[in-house]
file coords08.cif (mmCIF, C-alpha atoms)
data_run
#
loop_
_atom_site.group_PDB
_atom_site.id
_atom_site.type_symbol
_atom_site.label_atom_id
_atom_site.label_comp_id
_atom_site.auth_asym_id
_atom_site.auth_seq_id
_atom_site.Cartn_x
_atom_site.Cartn_y
_atom_site.Cartn_z
ATOM 1 C CA MET A 1 107.890 81.029 57.424
ATOM 2 C CA THR A 2 104.219 80.943 58.392
ATOM 3 C CA GLY A 3 101.864 83.904 58.368
ATOM 4 C CA TYR A 4 101.833 84.058 62.160
ATOM 5 C CA GLU A 5 105.614 84.225 62.271
ATOM 6 C CA VAL A 6 105.548 87.104 59.794
ATOM 7 C CA CYS A 7 102.941 88.945 61.889
ATOM 8 C CA THR A 8 105.004 88.395 65.041
ATOM 9 C CA ALA A 9 108.136 89.700 63.343
ATOM 10 C CA VAL A 10 106.271 92.747 62.019
ATOM 11 C CA VAL A 11 104.919 93.648 65.467
ATOM 12 C CA MET A 12 108.265 93.110 67.161
ATOM 13 C CA ALA A 13 110.202 95.029 64.501
ATOM 14 C CA GLY A 14 107.656 97.797 63.855
ATOM 15 C CA ALA A 15 105.478 98.456 66.868
ATOM 16 C CA LEU A 16 107.768 97.739 69.809
ATOM 17 C CA PRO A 17 110.719 99.932 68.671
ATOM 18 C CA ALA A 18 108.309 102.799 67.980
ATOM 19 C CA GLY A 19 106.858 102.523 71.477
ATOM 20 C CA LEU A 20 110.312 102.243 73.032
ATOM 21 C CA LEU A 21 111.426 105.328 71.120
ATOM 22 C CA LEU A 22 108.480 107.267 72.517
ATOM 23 C CA SER A 23 109.248 105.927 75.995
ATOM 24 C CA ALA A 24 112.631 107.658 75.796
ATOM 25 C CA ALA A 25 111.185 111.074 74.892
ATOM 26 C CA ASP A 26 112.157 114.259 76.714
ATOM 27 C CA ARG A 27 108.771 115.101 78.220
ATOM 28 C CA SER A 28 107.385 112.948 80.997
ATOM 29 C CA VAL A 29 103.882 112.899 79.485
ATOM 30 C CA ASP A 30 105.286 111.578 76.191
ATOM 31 C CA ARG A 31 107.079 108.850 78.097
ATOM 32 C CA LEU A 32 103.779 107.963 79.770
ATOM 33 C CA VAL A 33 102.085 107.579 76.374
ATOM 34 C CA GLY A 34 105.066 105.499 75.225
ATOM 35 C CA LEU A 35 104.678 103.217 78.224
ATOM 36 C CA GLU A 36 101.061 102.575 77.335
ATOM 37 C CA LEU A 37 101.955 101.926 73.697
ATOM 38 C CA VAL A 38 104.684 99.451 74.607
ATOM 39 C CA SER A 39 102.391 97.639 77.034
ATOM 40 C CA ALA A 40 99.598 97.193 74.485
ATOM 41 C CA ALA A 41 101.971 96.227 71.662
ATOM 42 C CA SER A 42 103.753 93.745 73.941
ATOM 43 C CA VAL A 43 100.469 92.008 74.712
ATOM 44 C CA VAL A 44 99.793 91.615 70.983
ATOM 45 C CA ALA A 45 103.343 90.349 70.375
ATOM 46 C CA LEU A 46 103.125 87.826 73.227
ATOM 47 C CA LEU A 47 99.750 86.539 71.995
ATOM 48 C CA LEU A 48 101.284 85.969 68.579
ATOM 49 C CA LEU A 49 104.402 84.371 70.085
ATOM 50 C CA SER A 50 102.261 81.863 71.967
ATOM 51 C CA GLN A 51 100.650 80.894 68.656
ATOM 52 C CA VAL A 52 104.038 80.565 66.967
ATOM 53 C CA THR A 53 105.519 78.413 69.725
ATOM 54 C CA GLY A 54 102.339 76.342 69.999
ATOM 55 C CA GLU A 55 102.544 76.228 73.778
ATOM 56 C CA SER A 56 99.242 77.220 75.379
ATOM 57 C CA TYR A 57 100.832 77.842 78.789
ATOM 58 C CA ASP A 58 102.730 80.776 77.264
ATOM 59 C CA LEU A 59 99.427 82.660 77.395
ATOM 60 C CA ILE A 60 99.897 83.285 81.115
ATOM 61 C CA VAL A 61 102.559 85.888 80.221
ATOM 62 C CA PRO A 62 100.292 88.308 78.275
ATOM 63 C CA LEU A 63 97.533 87.701 80.842
ATOM 64 C CA VAL A 64 99.782 88.797 83.700
ATOM 65 C CA LEU A 65 101.193 91.647 81.605
ATOM 66 C CA VAL A 66 97.730 93.116 80.989
ATOM 67 C CA VAL A 67 96.919 93.167 84.695
ATOM 68 C CA LEU A 68 100.314 94.561 85.702
ATOM 69 C CA SER A 69 100.373 97.178 82.939
ATOM 70 C CA VAL A 70 97.015 98.577 84.033
ATOM 71 C CA ALA A 71 98.187 98.914 87.630
ATOM 72 C CA GLY A 72 101.603 100.205 86.589
ATOM 73 C CA THR A 73 100.262 102.853 84.225
ATOM 74 C CA LEU A 74 97.812 104.093 86.859
ATOM 75 C CA VAL A 75 100.676 104.392 89.354
ATOM 76 C CA PHE A 76 102.779 106.350 86.861
ATOM 77 C CA THR A 77 99.893 108.734 86.151
ATOM 78 C CA ARG A 78 100.009 109.642 89.838
ATOM 79 C CA LEU A 79 103.792 109.947 89.922
ATOM 80 C CA VAL A 80 104.087 112.090 86.807
ATOM 81 C CA VAL A 81 101.893 114.827 88.305
ATOM 82 C CA GLY A 82 103.985 117.247 90.321
ATOM 83 C CA ARG A 83 107.121 116.792 88.263
ATOM 84 C CA ASP A 84 108.603 119.362 85.922
ATOM 85 C CA GLU A 85 109.583 118.822 82.286
ATOM 86 C CA GLY A 86 113.070 117.649 83.224
ATOM 87 C CA GLY A 87 111.731 114.898 85.399
ATOM 88 C CA GLY A 88 112.618 116.465 88.771
ATOM 89 C CA HIS A 89 110.229 117.499 91.540
ATOM 90 C CA VAL A 90 108.692 120.944 91.280
ATOM 91 C CA PRO A 91 109.971 122.977 94.265
ATOM 92 C CA MET B 1 88.871 77.967 55.343
ATOM 93 C CA SER B 2 89.056 78.851 59.042
ATOM 94 C CA HIS B 3 92.845 79.146 58.789
ATOM 95 C CA GLU B 4 92.532 81.807 56.072
ATOM 96 C CA VAL B 5 89.921 83.742 58.072
ATOM 97 C CA ALA B 6 92.091 83.564 61.191
ATOM 98 C CA LEU B 7 95.179 84.717 59.336
ATOM 99 C CA ALA B 8 93.257 87.608 57.773
ATOM 100 C CA LEU B 9 91.998 88.766 61.183
ATOM 101 C CA VAL B 10 95.453 88.470 62.746
ATOM 102 C CA SER B 11 97.055 90.312 59.832
ATOM 103 C CA LEU B 12 94.513 93.116 60.128
ATOM 104 C CA GLY B 13 95.115 93.401 63.868
ATOM 105 C CA THR B 14 98.854 93.435 63.295
ATOM 106 C CA ALA B 15 98.537 96.194 60.701
ATOM 107 C CA VAL B 16 96.416 98.311 63.059
ATOM 108 C CA THR B 17 98.908 97.826 65.907
ATOM 109 C CA VAL B 18 101.969 98.720 63.851
ATOM 110 C CA ALA B 19 100.277 101.689 62.156
ATOM 111 C CA SER B 20 99.150 103.080 65.512
ATOM 112 C CA CYS B 21 102.618 102.843 67.036
ATOM 113 C CA LEU B 22 104.270 104.460 64.026
ATOM 114 C CA GLY B 23 101.566 107.147 63.927
ATOM 115 C CA ALA B 24 102.112 107.985 67.578
ATOM 116 C CA VAL B 25 105.819 108.518 66.959
ATOM 117 C CA ALA B 26 105.187 110.545 63.794
ATOM 118 C CA MET B 27 102.591 112.779 65.484
ATOM 119 C CA ARG B 28 104.582 115.674 66.868
ATOM 120 C CA SER B 29 101.927 118.380 67.163
ATOM 121 C CA SER B 30 100.521 117.641 70.611
ATOM 122 C CA VAL B 31 100.654 114.942 73.257
ATOM 123 C CA TYR B 32 96.847 114.851 73.174
ATOM 124 C CA ASP B 33 96.920 113.915 69.493
ATOM 125 C CA ARG B 34 99.611 111.354 70.229
ATOM 126 C CA MET B 35 97.544 109.861 73.041
ATOM 127 C CA HIS B 36 94.692 108.994 70.669
ATOM 128 C CA PHE B 37 96.882 106.490 68.820
ATOM 129 C CA ILE B 38 96.730 104.088 71.776
ATOM 130 C CA THR B 39 92.991 103.499 71.409
ATOM 131 C CA PRO B 40 93.116 101.623 68.059
ATOM 132 C CA ILE B 41 95.483 99.056 69.584
ATOM 133 C CA THR B 42 93.376 98.330 72.657
ATOM 134 C CA SER B 43 89.977 98.588 70.950
ATOM 135 C CA LEU B 44 90.712 97.120 67.526
ATOM 136 C CA GLY B 45 94.204 95.672 67.074
ATOM 137 C CA CYS B 46 94.417 93.362 70.081
ATOM 138 C CA PRO B 47 90.771 92.154 69.878
ATOM 139 C CA LEU B 48 91.228 91.357 66.168
ATOM 140 C CA VAL B 49 94.368 89.346 66.932
ATOM 141 C CA ALA B 50 92.599 87.581 69.821
ATOM 142 C CA VAL B 51 89.563 86.693 67.706
ATOM 143 C CA GLY B 52 91.798 85.528 64.866
ATOM 144 C CA LEU B 53 93.836 83.270 67.132
ATOM 145 C CA SER B 54 90.595 81.948 68.655
ATOM 146 C CA VAL B 55 89.278 81.047 65.203
ATOM 147 C CA GLU B 56 92.544 79.207 64.544
ATOM 148 C CA GLN B 57 92.459 77.316 67.858
ATOM 149 C CA GLY B 58 88.776 76.349 67.916
ATOM 150 C CA LEU B 59 86.742 75.844 71.076
ATOM 151 C CA GLY B 60 88.756 75.100 74.203
ATOM 152 C CA LEU B 61 90.577 76.467 77.211
ATOM 153 C CA THR B 62 93.306 78.008 75.055
ATOM 154 C CA THR B 63 90.680 80.049 73.234
ATOM 155 C CA ALA B 64 89.211 81.116 76.569
ATOM 156 C CA SER B 65 92.632 82.359 77.710
ATOM 157 C CA ILE B 66 93.204 84.251 74.472
ATOM 158 C CA LEU B 67 89.775 85.895 74.612
ATOM 159 C CA LEU B 68 90.299 86.778 78.285
ATOM 160 C CA VAL B 69 93.515 88.622 77.448
ATOM 161 C CA GLY B 70 91.807 90.480 74.588
ATOM 162 C CA ALA B 71 88.779 91.361 76.710
ATOM 163 C CA LEU B 72 90.925 92.613 79.607
ATOM 164 C CA LEU B 73 92.916 94.915 77.345
ATOM 165 C CA PHE B 74 89.726 96.040 75.593
ATOM 166 C CA MET B 75 88.178 97.053 78.936
ATOM 167 C CA ALA B 76 91.354 98.527 80.400
ATOM 168 C CA GLY B 77 92.081 100.732 77.377
ATOM 169 C CA PRO B 78 89.477 103.480 77.989
ATOM 170 C CA VAL B 79 90.288 103.542 81.722
ATOM 171 C CA LEU B 80 93.975 104.083 81.038
ATOM 172 C CA GLU B 81 93.203 106.653 78.334
ATOM 173 C CA ALA B 82 91.139 108.693 80.781
ATOM 174 C CA ALA B 83 93.793 108.413 83.501
ATOM 175 C CA VAL B 84 96.620 109.418 81.162
ATOM 176 C CA GLY B 85 94.573 112.304 79.736
ATOM 177 C CA ARG B 86 93.843 113.557 83.220
ATOM 178 C CA ALA B 87 97.502 113.290 84.220
ATOM 179 C CA ILE B 88 98.551 115.265 81.154
ATOM 180 C CA GLY B 89 95.938 117.904 81.984
ATOM 181 C CA GLN B 90 97.295 118.153 85.513
ATOM 182 C CA VAL B 91 100.895 118.448 84.305
ATOM 183 C CA GLU B 92 99.933 121.209 81.876
ATOM 184 C CA GLY B 93 97.901 123.051 84.522
ATOM 185 C CA ARG B 94 94.489 122.539 82.916
ATOM 186 C CA VAL B 95 93.225 120.311 85.724
ATOM 187 C CA ASP B 96 93.618 120.978 89.439
ATOM 188 C CA PRO B 97 96.286 118.497 90.668
ATOM 189 C CA SER B 98 94.597 118.139 94.037
ATOM 190 C CA SER B 99 91.217 117.114 92.573
ATOM 191 C CA PRO B 100 89.177 115.038 93.294
ATOM 192 C CA GLU B 101 90.602 114.761 96.827
#
call {"tool": "encode", "arguments": {"input": "coords08.cif", "output": "structure tokens"}}
result
Amino acid sequence: MTGYEVCTAVVMAGALPAGLLLSAADRSVDRLVGLELVSAASVVALLLLSQVTGESYDLIVPLVLVVLSVAGTLVFTRLVVGRDEGGGHVP
Amino acid sequence: MSHEVALALVSLGTAVTVASCLGAVAMRSSVYDRMHFITPITSLGCPLVAVGLSVEQGLGLTTASILLVGALLFMAGPVLEAAVGRAIGQVEGRVDPSSPE
């Protein structure tokens, strides 16, 4: 097992589950922070995966993910405002 | 020699990324404290991994792609931090939800 494979496994086993756990929190603002964590950790994991597989065209995936995660997070910051703690609309 | 340098940079970036994610989950005092754990990933963890992989690959288009991904996340991190912080402030009533319209 190479060093890059170990790093990939550590990120996928340590960082991603932690971000996913936070993404399932009760409060909507915690879920928003979890979304950002998962996005950033996924980019790191995909960069490492492209090194492990040795295929340079795999790099298009983290590149697209960065662009989409920025737009997606900004959209969610707009949606989360005006909602109560349970996730429903404030009357 | 370059392989060892690259692996050291990637390992450091990996450690920063994992520690930040675990710290964010462990931090239960405030969502503002929790929010600060995103910055080390975008400003330190991902750029370290990108630079390490670039050192491993050498000059070329693959390195350019890797550095582009790292640079995009590095620049997007503070923007997203500010947007998320503002959204949290609006949810908690500290910032006027209708501003700046």
call {"tool": "residues_around", "arguments": {"input": "coords08.cif", "residues": "stretch 87-97 of chain B", "least_positions_apart": "6", "cutoff": "10 Å", "atoms": "all atoms listed in the file", "output": "ChimeraX atom specification"}}
result
/A:28-30,32-33,74,76-85 /B:31-32,35,81
call {"tool": "resolve_selection", "arguments": {"input": "coords08.cif", "expression": "the PyMOL selection byres ((chain A) within 8 of (chain B))", "output": "ChimeraX atom specification"}}
result
/A:3-4,7,10-11,14-16,18-19,21-22,29-30,32-33,36-37,40-41,43-44,47-48,51,56,59,62-63,66-67,70,73-74,77-78,80-84
call {"tool": "write_last_selection", "arguments": {"input": "coords08.cif", "atoms": "C-alpha atoms", "output": "mmCIF file, in the frame of the given file"}}
result
data_model
loop_
_atom_site.group_PDB
_atom_site.id
_atom_site.type_symbol
_atom_site.label_atom_id
_atom_site.label_comp_id
_atom_site.auth_asym_id
_atom_site.auth_seq_id
_atom_site.Cartn_x
_atom_site.Cartn_y
_atom_site.Cartn_z
ATOM 1 C CA GLY A 3 101.864 83.904 58.368
ATOM 2 C CA TYR A 4 101.833 84.058 62.160
ATOM 3 C CA CYS A 7 102.941 88.945 61.889
ATOM 4 C CA VAL A 10 106.271 92.747 62.019
ATOM 5 C CA VAL A 11 104.919 93.648 65.467
ATOM 6 C CA GLY A 14 107.656 97.797 63.855
ATOM 7 C CA ALA A 15 105.478 98.456 66.868
ATOM 8 C CA LEU A 16 107.768 97.739 69.809
ATOM 9 C CA ALA A 18 108.309 102.799 67.980
ATOM 10 C CA GLY A 19 106.858 102.523 71.477
ATOM 11 C CA LEU A 21 111.426 105.328 71.120
ATOM 12 C CA LEU A 22 108.480 107.267 72.517
ATOM 13 C CA VAL A 29 103.882 112.899 79.485
ATOM 14 C CA ASP A 30 105.286 111.578 76.191
ATOM 15 C CA LEU A 32 103.779 107.963 79.770
ATOM 16 C CA VAL A 33 102.085 107.579 76.374
ATOM 17 C CA GLU A 36 101.061 102.575 77.335
ATOM 18 C CA LEU A 37 101.955 101.926 73.697
ATOM 19 C CA ALA A 40 99.598 97.193 74.485
ATOM 20 C CA ALA A 41 101.971 96.227 71.662
ATOM 21 C CA VAL A 43 100.469 92.008 74.712
ATOM 22 C CA VAL A 44 99.793 91.615 70.983
ATOM 23 C CA LEU A 47 99.750 86.539 71.995
ATOM 24 C CA LEU A 48 101.284 85.969 68.579
ATOM 25 C CA GLN A 51 100.650 80.894 68.656
ATOM 26 C CA SER A 56 99.242 77.220 75.379
ATOM 27 C CA LEU A 59 99.427 82.660 77.395
ATOM 28 C CA PRO A 62 100.292 88.308 78.275
ATOM 29 C CA LEU A 63 97.533 87.701 80.842
ATOM 30 C CA VAL A 66 97.730 93.116 80.989
ATOM 31 C CA VAL A 67 96.919 93.167 84.695
ATOM 32 C CA VAL A 70 97.015 98.577 84.033
ATOM 33 C CA THR A 73 100.262 102.853 84.225
ATOM 34 C CA LEU A 74 97.812 104.093 86.859
ATOM 35 C CA THR A 77 99.893 108.734 86.151
ATOM 36 C CA ARG A 78 100.009 109.642 89.838
ATOM 37 C CA VAL A 80 104.087 112.090 86.807
ATOM 38 C CA VAL A 81 101.893 114.827 88.305
ATOM 39 C CA GLY A 82 103.985 117.247 90.321
ATOM 40 C CA ARG A 83 107.121 116.792 88.263
ATOM 41 C CA ASP A 84 108.603 119.362 85.922
#
call {"tool": "closest_residue", "arguments": {"input": "coords08.cif", "among": "A:Gly72, A:Ser23, A:Thr2, A:Val61", "to": "A:Ser42", "atoms": "only C-alpha atoms"}}
result
A:Val61
call {"tool": "closest_residue", "arguments": {"input": "coords08.cif", "among": "A:Ala24, A:Met1, A:Leu46, A:Ala9", "to": "A:Asp58", "atoms": "all atoms listed in the file"}}
result
A:Leu46
call {"tool": "atom_distance", "arguments": {"input": "coords08.cif", "atom1": "atom CA of A:Pro17", "atom2": "atom CA of A:Val38"}}
result
8.5 Å
call {"tool": "atom_distance", "arguments": {"input": "coords08.cif", "atom1": "atom CA of A:Leu65", "atom2": "atom CA of B:Gly52"}}
result
20.1 Å
call {"tool": "decode", "arguments": {"input": "coords08.cif", "residues": "stretch 44-67 of chain B", "atoms": "C-alpha atoms", "output": "PDB file, in the first residue's frame"}}
result
ATOM      1  CA  LEU B  44      -4.065  24.940   4.188  1.00  0.00           C
ATOM      2  CA  GLY B  45      -5.145  21.318   3.733  1.00  0.00           C
ATOM      3  CA  CYS B  46      -6.205  21.338   0.087  1.00  0.00           C
ATOM      4  CA  PRO B  47      -3.373  23.650  -1.108  1.00  0.00           C
ATOM      5  CA  LEU B  48      -0.805  21.440   0.661  1.00  0.00           C
ATOM      6  CA  VAL B  49      -2.228  18.341  -1.030  1.00  0.00           C
ATOM      7  CA  ALA B  50      -2.298  20.145  -4.397  1.00  0.00           C
ATOM      8  CA  VAL B  51       1.302  21.339  -4.077  1.00  0.00           C
ATOM      9  CA  GLY B  52       2.417  17.890  -2.947  1.00  0.00           C
ATOM     10  CA  LEU B  53       0.755  16.171  -5.892  1.00  0.00           C
ATOM     11  CA  SER B  54       2.254  18.802  -8.216  1.00  0.00           C
ATOM     12  CA  VAL B  55       5.739  18.074  -6.880  1.00  0.00           C
ATOM     13  CA  GLU B  56       5.110  14.376  -7.532  1.00  0.00           C
ATOM     14  CA  GLN B  57       3.827  14.944 -11.081  1.00  0.00           C
ATOM     15  CA  GLY B  58       6.396  17.497 -12.258  1.00  0.00           C
ATOM     16  CA  LEU B  59       5.721  20.178 -14.854  1.00  0.00           C
ATOM     17  CA  GLY B  60       2.801  19.491 -17.176  1.00  0.00           C
ATOM     18  CA  LEU B  61      -0.899  19.842 -17.820  1.00  0.00           C
ATOM     19  CA  THR B  62      -1.777  17.464 -14.983  1.00  0.00           C
ATOM     20  CA  THR B  63       0.034  19.738 -12.549  1.00  0.00           C
ATOM     21  CA  ALA B  64      -1.816  22.729 -13.984  1.00  0.00           C
ATOM     22  CA  SER B  65      -5.156  20.991 -13.376  1.00  0.00           C
ATOM     23  CA  ILE B  66      -4.210  20.062  -9.820  1.00  0.00           C
ATOM     24  CA  LEU B  67      -3.050  23.595  -9.012  1.00  0.00           C
TER      25      LEU B  67
END
